[in-house]
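Novice: query-v2.cif (mmCIF, N, CA and C atoms) pasted underneath:
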data_my_file
loop_
_atom_site.label_atom_id
_atom_site.label_comp_id
_atom_site.auth_asym_id
_atom_site.auth_seq_id
_atom_site.Cartn_x
_atom_site.Cartn_y
_atom_site.Cartn_z
N ASN A 19 -0.24 10.34 13.16
CA ASN A 19 0.53 9.13 12.90
C ASN A 19 0.93 8.47 14.22
N GLU A 20 0.68 7.22 14.30
CA GLU A 20 1.02 6.47 15.52
C GLU A 20 2.50 6.15 15.56
N PRO A 21 3.07 6.06 16.76
CA PRO A 21 4.47 5.63 16.85
C PRO A 21 4.58 4.16 16.46
N LEU A 22 5.79 3.76 16.12
CA LEU A 22 6.02 2.35 15.76
C LEU A 22 5.82 1.46 16.99
N HIS A 23 5.38 0.25 16.77
CA HIS A 23 5.25 -0.74 17.84
C HIS A 23 6.64 -1.26 18.21
N GLN A 24 6.75 -1.83 19.39
CA GLN A 24 8.04 -2.34 19.87
C GLN A 24 8.62 -3.38 18.91
N SER A 25 7.78 -4.25 18.36
CA SER A 25 8.28 -5.27 17.44
C SER A 25 8.85 -4.64 16.17
N GLN A 26 8.23 -3.52 15.73
CA GLN A 26 8.74 -2.82 14.55
C GLN A 26 10.08 -2.15 14.86
N ILE A 27 10.19 -1.56 16.02
CA ILE A 27 11.45 -0.92 16.43
C ILE A 27 12.56 -1.96 16.50
N GLU A 28 12.26 -3.11 17.08
CA GLU A 28 13.26 -4.18 17.19
C GLU A 28 13.69 -4.67 15.81
N ALA A 29 12.74 -4.80 14.91
CA ALA A 29 13.07 -5.25 13.55
C ALA A 29 13.95 -4.22 12.85
N LEU A 30 13.64 -2.93 13.02
CA LEU A 30 14.45 -1.88 12.39
C LEU A 30 15.85 -1.81 13.00
N GLN A 31 15.96 -2.05 14.29
CA GLN A 31 17.28 -2.09 14.92
C GLN A 31 18.11 -3.24 14.37
N ALA A 32 17.46 -4.38 14.13
CA ALA A 32 18.15 -5.52 13.53
C ALA A 32 18.59 -5.19 12.11
N GLU A 33 17.72 -4.52 11.35
CA GLU A 33 18.08 -4.10 9.98
C GLU A 33 19.27 -3.15 10.00
N LYS A 34 19.27 -2.22 10.95
CA LYS A 34 20.36 -1.25 11.06
C LYS A 34 21.69 -1.97 11.29
N LYS A 35 21.71 -2.90 12.23
CA LYS A 35 22.93 -3.67 12.51
C LYS A 35 23.37 -4.44 11.27
N PHE A 36 22.41 -5.03 10.57
CA PHE A 36 22.70 -5.81 9.38
C PHE A 36 23.37 -4.93 8.32
N LEU A 37 22.79 -3.77 8.07
CA LEU A 37 23.33 -2.86 7.04
C LEU A 37 24.66 -2.26 7.47
N GLU A 38 24.82 -1.96 8.76
CA GLU A 38 26.09 -1.42 9.25
C GLU A 38 27.22 -2.43 9.15
N SER A 39 26.88 -3.70 9.08
CA SER A 39 27.90 -4.74 8.96
C SER A 39 28.46 -4.84 7.54
N GLY A 40 27.90 -4.01 6.63
CA GLY A 40 28.40 -4.00 5.26
C GLY A 40 27.55 -4.78 4.28
N LYS A 41 26.52 -5.45 4.77
CA LYS A 41 25.63 -6.20 3.89
C LYS A 41 24.85 -5.21 3.02
N THR A 42 24.47 -5.63 1.85
CA THR A 42 23.77 -4.72 0.93
C THR A 42 22.34 -5.15 0.61
N THR A 43 21.95 -6.33 1.02
CA THR A 43 20.57 -6.76 0.76
C THR A 43 19.96 -7.32 2.04
N SER A 44 18.67 -7.18 2.14
CA SER A 44 17.94 -7.66 3.31
C SER A 44 16.49 -7.88 2.90
N HIS A 45 15.74 -8.52 3.74
CA HIS A 45 14.32 -8.69 3.47
C HIS A 45 13.54 -8.74 4.78
N ILE A 46 12.28 -8.35 4.69
CA ILE A 46 11.38 -8.37 5.83
C ILE A 46 10.26 -9.35 5.51
N VAL A 47 10.09 -10.35 6.34
CA VAL A 47 9.01 -11.32 6.15
C VAL A 47 8.25 -11.39 7.47
N GLN A 48 7.00 -10.95 7.43
CA GLN A 48 6.16 -10.95 8.62
C GLN A 48 4.72 -11.22 8.19
N PRO A 49 3.89 -11.65 9.13
CA PRO A 49 2.49 -11.93 8.78
C PRO A 49 1.72 -10.64 8.47
N GLY A 50 0.62 -10.80 7.77
CA GLY A 50 -0.25 -9.67 7.47
C GLY A 50 -0.70 -8.97 8.74
N GLY A 51 -0.77 -7.65 8.68
CA GLY A 51 -1.23 -6.88 9.83
C GLY A 51 -0.17 -6.59 10.87
N SER A 52 1.07 -7.00 10.62
CA SER A 52 2.12 -6.81 11.61
C SER A 52 2.83 -5.47 11.48
N GLY A 53 2.52 -4.71 10.43
CA GLY A 53 3.13 -3.39 10.30
C GLY A 53 4.29 -3.30 9.33
N LYS A 54 4.34 -4.23 8.38
CA LYS A 54 5.45 -4.23 7.41
C LYS A 54 5.51 -2.94 6.59
N THR A 55 4.35 -2.39 6.25
CA THR A 55 4.34 -1.19 5.42
C THR A 55 5.04 -0.03 6.13
N ARG A 56 4.62 0.27 7.34
CA ARG A 56 5.24 1.36 8.09
C ARG A 56 6.70 1.07 8.40
N GLU A 57 7.00 -0.17 8.70
CA GLU A 57 8.38 -0.57 8.96
C GLU A 57 9.24 -0.38 7.71
N GLY A 58 8.70 -0.79 6.57
CA GLY A 58 9.42 -0.63 5.31
C GLY A 58 9.64 0.82 4.95
N ILE A 59 8.64 1.66 5.20
CA ILE A 59 8.78 3.10 4.92
C ILE A 59 9.85 3.70 5.82
N ALA A 60 9.86 3.33 7.09
CA ALA A 60 10.89 3.83 8.01
C ALA A 60 12.27 3.40 7.54
N LEU A 61 12.39 2.17 7.08
CA LEU A 61 13.67 1.66 6.58
C LEU A 61 14.08 2.40 5.30
N ALA A 62 13.14 2.60 4.38
CA ALA A 62 13.44 3.32 3.14
C ALA A 62 13.89 4.75 3.44
N TYR A 63 13.24 5.39 4.39
CA TYR A 63 13.59 6.76 4.74
C TYR A 63 15.00 6.82 5.34
N ALA A 64 15.30 5.88 6.22
CA ALA A 64 16.64 5.84 6.83
C ALA A 64 17.70 5.61 5.75
N MET A 65 17.42 4.72 4.82
CA MET A 65 18.39 4.45 3.75
C MET A 65 18.53 5.68 2.86
N HIS A 66 17.43 6.36 2.58
CA HIS A 66 17.45 7.59 1.78
C HIS A 66 18.36 8.63 2.43
N LYS A 67 18.28 8.75 3.74
CA LYS A 67 19.11 9.72 4.48
C LYS A 67 20.60 9.39 4.37
N HIS A 68 20.92 8.14 4.05
CA HIS A 68 22.31 7.71 3.88
C HIS A 68 22.65 7.50 2.40
N ASN A 69 21.87 8.13 1.52
CA ASN A 69 22.08 8.06 0.07
C ASN A 69 22.09 6.64 -0.46
N ARG A 70 21.23 5.80 0.08
CA ARG A 70 21.10 4.43 -0.40
C ARG A 70 19.69 4.22 -0.93
N ASN A 71 19.58 3.40 -1.93
CA ASN A 71 18.28 3.09 -2.54
C ASN A 71 17.66 1.87 -1.89
N SER A 72 16.36 1.74 -2.07
CA SER A 72 15.68 0.54 -1.59
C SER A 72 14.66 0.08 -2.62
N LEU A 73 14.40 -1.19 -2.59
CA LEU A 73 13.41 -1.81 -3.48
C LEU A 73 12.51 -2.68 -2.62
N PHE A 74 11.22 -2.49 -2.77
CA PHE A 74 10.26 -3.29 -2.02
C PHE A 74 9.40 -4.07 -3.01
N VAL A 75 9.27 -5.35 -2.77
CA VAL A 75 8.46 -6.21 -3.61
C VAL A 75 7.23 -6.59 -2.79
N VAL A 76 6.07 -6.36 -3.38
CA VAL A 76 4.81 -6.64 -2.68
C VAL A 76 4.00 -7.62 -3.52
N PRO A 77 3.03 -8.31 -2.91
CA PRO A 77 2.35 -9.40 -3.61
C PRO A 77 1.30 -9.00 -4.64
N ASN A 78 0.80 -7.76 -4.57
CA ASN A 78 -0.26 -7.39 -5.51
C ASN A 78 -0.35 -5.86 -5.64
N GLN A 79 -1.19 -5.43 -6.57
CA GLN A 79 -1.30 -4.00 -6.86
C GLN A 79 -1.89 -3.23 -5.68
N GLY A 80 -2.80 -3.83 -4.95
CA GLY A 80 -3.38 -3.16 -3.78
C GLY A 80 -2.32 -2.85 -2.73
N ALA A 81 -1.44 -3.83 -2.46
CA ALA A 81 -0.36 -3.62 -1.49
C ALA A 81 0.61 -2.55 -2.00
N LEU A 82 0.84 -2.55 -3.30
CA LEU A 82 1.72 -1.53 -3.91
C LEU A 82 1.12 -0.14 -3.72
N GLU A 83 -0.15 0.01 -4.05
CA GLU A 83 -0.82 1.31 -3.92
C GLU A 83 -0.84 1.77 -2.47
N ASP A 84 -1.06 0.85 -1.55
CA ASP A 84 -1.06 1.17 -0.12
C ASP A 84 0.31 1.65 0.31
N PHE A 85 1.36 0.94 -0.11
CA PHE A 85 2.72 1.32 0.27
C PHE A 85 3.06 2.71 -0.25
N VAL A 86 2.78 2.97 -1.52
CA VAL A 86 3.11 4.26 -2.14
C VAL A 86 2.34 5.39 -1.45
N ALA A 87 1.05 5.20 -1.20
CA ALA A 87 0.24 6.25 -0.57
C ALA A 87 0.73 6.55 0.84
N LYS A 88 1.01 5.51 1.62
CA LYS A 88 1.49 5.71 2.98
C LYS A 88 2.88 6.34 3.00
N ALA A 89 3.75 5.95 2.07
CA ALA A 89 5.09 6.52 2.01
C ALA A 89 5.02 8.01 1.70
N LYS A 90 4.16 8.38 0.77
CA LYS A 90 4.01 9.80 0.41
C LYS A 90 3.40 10.60 1.56
N GLU A 91 2.52 9.97 2.32
CA GLU A 91 1.89 10.64 3.47
C GLU A 91 2.89 10.83 4.61
N LEU A 92 3.64 9.77 4.94
CA LEU A 92 4.53 9.80 6.09
C LEU A 92 5.87 10.47 5.80
N CYS A 93 6.35 10.36 4.57
CA CYS A 93 7.67 10.90 4.19
C CYS A 93 7.57 11.61 2.85
N PRO A 94 6.99 12.81 2.83
CA PRO A 94 6.76 13.48 1.55
C PRO A 94 8.02 13.76 0.74
N ASP A 95 9.18 13.87 1.40
CA ASP A 95 10.42 14.14 0.65
C ASP A 95 11.08 12.87 0.13
N LEU A 96 10.49 11.71 0.41
CA LEU A 96 11.02 10.44 -0.10
C LEU A 96 10.53 10.24 -1.53
N ASP A 97 11.45 10.02 -2.44
CA ASP A 97 11.12 9.81 -3.85
C ASP A 97 10.66 8.36 -4.04
N VAL A 98 9.37 8.18 -4.24
CA VAL A 98 8.79 6.83 -4.33
C VAL A 98 8.32 6.57 -5.75
N GLY A 99 8.80 5.52 -6.35
CA GLY A 99 8.35 5.10 -7.66
C GLY A 99 7.66 3.75 -7.53
N ALA A 100 6.86 3.39 -8.52
CA ALA A 100 6.15 2.12 -8.47
C ALA A 100 6.11 1.50 -9.85
N VAL A 101 6.32 0.20 -9.90
CA VAL A 101 6.23 -0.55 -11.15
C VAL A 101 5.30 -1.73 -10.89
N TYR A 102 4.34 -1.91 -11.78
CA TYR A 102 3.41 -3.03 -11.64
C TYR A 102 3.26 -3.70 -12.99
N ALA A 103 3.50 -5.00 -13.04
CA ALA A 103 3.48 -5.72 -14.31
C ALA A 103 2.18 -6.49 -14.52
N GLY A 104 1.26 -6.44 -13.60
CA GLY A 104 0.01 -7.18 -13.75
C GLY A 104 -0.02 -8.40 -12.87
N GLU A 105 -1.17 -9.01 -12.83
CA GLU A 105 -1.35 -10.20 -12.02
C GLU A 105 -0.58 -11.38 -12.57
N LYS A 106 -0.02 -12.18 -11.68
CA LYS A 106 0.66 -13.40 -12.09
C LYS A 106 -0.40 -14.39 -12.56
N ARG A 107 -0.14 -15.04 -13.68
CA ARG A 107 -1.08 -16.03 -14.21
C ARG A 107 -0.47 -17.39 -14.25
#
Produce structure tokens that represent the structure in this file.
Specialist:
Amino acid sequence: NEPLHQSQIEALQAEKKFLESGKTTSHIVQPGGSGKTREGIALAYAMHKHNRNSLFVVPNQGALEDFVAKAKELCPDLDVGAVYAGEKR
């Protein structure tokens, strides 16, 4: 497993400050290929360690399957569930 990129570390540090300020919701918006999946998994794991839940919304079933597989690979003790309602029509 590769270490996080500097931009991912900076984004997670910003998320940490945001959550420590008492806020309860946040979102990550970045272009494709920027590492949102690994960043999201790191954030979910950190929240799990503080007994907090997380919800990730992804654009399609492929992204959902990718997120779940990578989360189980990188953080096997993280309880990951998935809900998919089908393609938007």
Novice: Determine which residues of chain A receive a DSSP assignment of helix (DSSP H, G or I), computed from the backbone, and state them as a PyMOL selection string.
Specialist: chain A and resi 24-38+54-67+79-92
Novice: Determine the residue membership of the PyMOL selection byres (((chain A and resi 83-93 and name CA) around 12) and name CA) for the file above and supply it as a PDB file with N, CA and C atoms, in the frame of the given file.
Specialist:
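Saved to selection25.pdb:
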ATOM      1  N   ASN A  19      -0.240  10.340  13.160  1.00  0.00           N
ATOM      2  CA  ASN A  19       0.530   9.130  12.900  1.00  0.00           C
ATOM      3  C   ASN A  19       0.930   8.470  14.220  1.00  0.00           C
ATOM      4  N   GLU A  20       0.680   7.220  14.300  1.00  0.00           N
ATOM      5  CA  GLU A  20       1.020   6.470  15.520  1.00  0.00           C
ATOM      6  C   GLU A  20       2.500   6.150  15.560  1.00  0.00           C
ATOM      7  N   PRO A  21       3.070   6.060  16.760  1.00  0.00           N
ATOM      8  CA  PRO A  21       4.470   5.630  16.850  1.00  0.00           C
ATOM      9  C   PRO A  21       4.580   4.160  16.460  1.00  0.00           C
ATOM     10  N   GLY A  53       2.520  -4.710  10.430  1.00  0.00           N
ATOM     11  CA  GLY A  53       3.130  -3.390  10.300  1.00  0.00           C
ATOM     12  C   GLY A  53       4.290  -3.300   9.330  1.00  0.00           C
ATOM     13  N   LYS A  54       4.340  -4.230   8.380  1.00  0.00           N
ATOM     14  CA  LYS A  54       5.450  -4.230   7.410  1.00  0.00           C
ATOM     15  C   LYS A  54       5.510  -2.940   6.590  1.00  0.00           C
ATOM     16  N   THR A  55       4.350  -2.390   6.250  1.00  0.00           N
ATOM     17  CA  THR A  55       4.340  -1.190   5.420  1.00  0.00           C
ATOM     18  C   THR A  55       5.040  -0.030   6.130  1.00  0.00           C
ATOM     19  N   ARG A  56       4.620   0.270   7.340  1.00  0.00           N
ATOM     20  CA  ARG A  56       5.240   1.360   8.090  1.00  0.00           C
ATOM     21  C   ARG A  56       6.700   1.070   8.400  1.00  0.00           C
ATOM     22  N   GLU A  57       7.000  -0.170   8.700  1.00  0.00           N
ATOM     23  CA  GLU A  57       8.380  -0.570   8.960  1.00  0.00           C
ATOM     24  C   GLU A  57       9.240  -0.380   7.710  1.00  0.00           C
ATOM     25  N   GLY A  58       8.700  -0.790   6.570  1.00  0.00           N
ATOM     26  CA  GLY A  58       9.420  -0.630   5.310  1.00  0.00           C
ATOM     27  C   GLY A  58       9.640   0.820   4.950  1.00  0.00           C
ATOM     28  N   ILE A  59       8.640   1.660   5.200  1.00  0.00           N
ATOM     29  CA  ILE A  59       8.780   3.100   4.920  1.00  0.00           C
ATOM     30  C   ILE A  59       9.850   3.700   5.820  1.00  0.00           C
ATOM     31  N   ALA A  60       9.860   3.330   7.090  1.00  0.00           N
ATOM     32  CA  ALA A  60      10.890   3.830   8.010  1.00  0.00           C
ATOM     33  C   ALA A  60      12.270   3.400   7.540  1.00  0.00           C
ATOM     34  N   LEU A  61      12.390   2.170   7.080  1.00  0.00           N
ATOM     35  CA  LEU A  61      13.670   1.660   6.580  1.00  0.00           C
ATOM     36  C   LEU A  61      14.080   2.400   5.300  1.00  0.00           C
ATOM     37  N   ALA A  62      13.140   2.600   4.380  1.00  0.00           N
ATOM     38  CA  ALA A  62      13.440   3.320   3.140  1.00  0.00           C
ATOM     39  C   ALA A  62      13.890   4.750   3.440  1.00  0.00           C
ATOM     40  N   TYR A  63      13.240   5.390   4.390  1.00  0.00           N
ATOM     41  CA  TYR A  63      13.590   6.760   4.740  1.00  0.00           C
ATOM     42  C   TYR A  63      15.000   6.820   5.340  1.00  0.00           C
ATOM     43  N   ALA A  64      15.300   5.880   6.220  1.00  0.00           N
ATOM     44  CA  ALA A  64      16.640   5.840   6.830  1.00  0.00           C
ATOM     45  C   ALA A  64      17.700   5.610   5.750  1.00  0.00           C
ATOM     46  N   HIS A  66      17.430   6.360   2.580  1.00  0.00           N
ATOM     47  CA  HIS A  66      17.450   7.590   1.780  1.00  0.00           C
ATOM     48  C   HIS A  66      18.360   8.630   2.430  1.00  0.00           C
ATOM     49  N   LYS A  67      18.280   8.750   3.740  1.00  0.00           N
ATOM     50  CA  LYS A  67      19.110   9.720   4.480  1.00  0.00           C
ATOM     51  C   LYS A  67      20.600   9.390   4.370  1.00  0.00           C
ATOM     52  N   LEU A  73      14.400  -1.190  -2.590  1.00  0.00           N
ATOM     53  CA  LEU A  73      13.410  -1.810  -3.480  1.00  0.00           C
ATOM     54  C   LEU A  73      12.510  -2.680  -2.620  1.00  0.00           C
ATOM     55  N   PHE A  74      11.220  -2.490  -2.770  1.00  0.00           N
ATOM     56  CA  PHE A  74      10.260  -3.290  -2.020  1.00  0.00           C
ATOM     57  C   PHE A  74       9.400  -4.070  -3.010  1.00  0.00           C
ATOM     58  N   VAL A  75       9.270  -5.350  -2.770  1.00  0.00           N
ATOM     59  CA  VAL A  75       8.460  -6.210  -3.610  1.00  0.00           C
ATOM     60  C   VAL A  75       7.230  -6.590  -2.790  1.00  0.00           C
ATOM     61  N   VAL A  76       6.070  -6.360  -3.380  1.00  0.00           N
ATOM     62  CA  VAL A  76       4.810  -6.640  -2.680  1.00  0.00           C
ATOM     63  C   VAL A  76       4.000  -7.620  -3.520  1.00  0.00           C
ATOM     64  N   PRO A  77       3.030  -8.310  -2.910  1.00  0.00           N
ATOM     65  CA  PRO A  77       2.350  -9.400  -3.610  1.00  0.00           C
ATOM     66  C   PRO A  77       1.300  -9.000  -4.640  1.00  0.00           C
ATOM     67  N   ASN A  78       0.800  -7.760  -4.570  1.00  0.00           N
ATOM     68  CA  ASN A  78      -0.260  -7.390  -5.510  1.00  0.00           C
ATOM     69  C   ASN A  78      -0.350  -5.860  -5.640  1.00  0.00           C
ATOM     70  N   GLN A  79      -1.190  -5.430  -6.570  1.00  0.00           N
ATOM     71  CA  GLN A  79      -1.300  -4.000  -6.860  1.00  0.00           C
ATOM     72  C   GLN A  79      -1.890  -3.230  -5.680  1.00  0.00           C
ATOM     73  N   GLY A  80      -2.800  -3.830  -4.950  1.00  0.00           N
ATOM     74  CA  GLY A  80      -3.380  -3.160  -3.780  1.00  0.00           C
ATOM     75  C   GLY A  80      -2.320  -2.850  -2.730  1.00  0.00           C
ATOM     76  N   ALA A  81      -1.440  -3.830  -2.460  1.00  0.00           N
ATOM     77  CA  ALA A  81      -0.360  -3.620  -1.490  1.00  0.00           C
ATOM     78  C   ALA A  81       0.610  -2.550  -2.000  1.00  0.00           C
ATOM     79  N   LEU A  82       0.840  -2.550  -3.300  1.00  0.00           N
ATOM     80  CA  LEU A  82       1.720  -1.530  -3.910  1.00  0.00           C
ATOM     81  C   LEU A  82       1.120  -0.140  -3.720  1.00  0.00           C
ATOM     82  N   PRO A  94       6.990  12.810   2.830  1.00  0.00           N
ATOM     83  CA  PRO A  94       6.760  13.480   1.550  1.00  0.00           C
ATOM     84  C   PRO A  94       8.020  13.760   0.740  1.00  0.00           C
ATOM     85  N   ASP A  95       9.180  13.870   1.400  1.00  0.00           N
ATOM     86  CA  ASP A  95      10.420  14.140   0.650  1.00  0.00           C
ATOM     87  C   ASP A  95      11.080  12.870   0.130  1.00  0.00           C
ATOM     88  N   LEU A  96      10.490  11.710   0.410  1.00  0.00           N
ATOM     89  CA  LEU A  96      11.020  10.440  -0.100  1.00  0.00           C
ATOM     90  C   LEU A  96      10.530  10.240  -1.530  1.00  0.00           C
ATOM     91  N   ASP A  97      11.450  10.020  -2.440  1.00  0.00           N
ATOM     92  CA  ASP A  97      11.120   9.810  -3.850  1.00  0.00           C
ATOM     93  C   ASP A  97      10.660   8.360  -4.040  1.00  0.00           C
ATOM     94  N   VAL A  98       9.370   8.180  -4.240  1.00  0.00           N
ATOM     95  CA  VAL A  98       8.790   6.830  -4.330  1.00  0.00           C
ATOM     96  C   VAL A  98       8.320   6.570  -5.750  1.00  0.00           C
ATOM     97  N   GLY A  99       8.800   5.520  -6.350  1.00  0.00           N
ATOM     98  CA  GLY A  99       8.350   5.100  -7.660  1.00  0.00           C
ATOM     99  C   GLY A  99       7.660   3.750  -7.530  1.00  0.00           C
ATOM    100  N   ALA A 100       6.860   3.390  -8.520  1.00  0.00           N
ATOM    101  CA  ALA A 100       6.150   2.120  -8.470  1.00  0.00           C
ATOM    102  C   ALA A 100       6.110   1.500  -9.850  1.00  0.00           C
ATOM    103  N   VAL A 101       6.320   0.200  -9.900  1.00  0.00           N
ATOM    104  CA  VAL A 101       6.230  -0.550 -11.150  1.00  0.00           C
ATOM    105  C   VAL A 101       5.300  -1.730 -10.890  1.00  0.00           C
ATOM    106  N   TYR A 102       4.340  -1.910 -11.780  1.00  0.00           N
ATOM    107  CA  TYR A 102       3.410  -3.030 -11.640  1.00  0.00           C
ATOM    108  C   TYR A 102       3.260  -3.700 -12.990  1.00  0.00           C
TER     109      TYR A 102
END
Novice: State, in Å with one decimal place, the distance from atom CA of Gly50 of chain A to atom CA of Glu33 of chain A.
Specialist: 19.3 Å
Novice: Tell me, in Å to one decimal, how far atom CA of Ile27 of chain A is from atom CA of Ser52 of chain A.
Specialist: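 It comes out at 12.0 Å.
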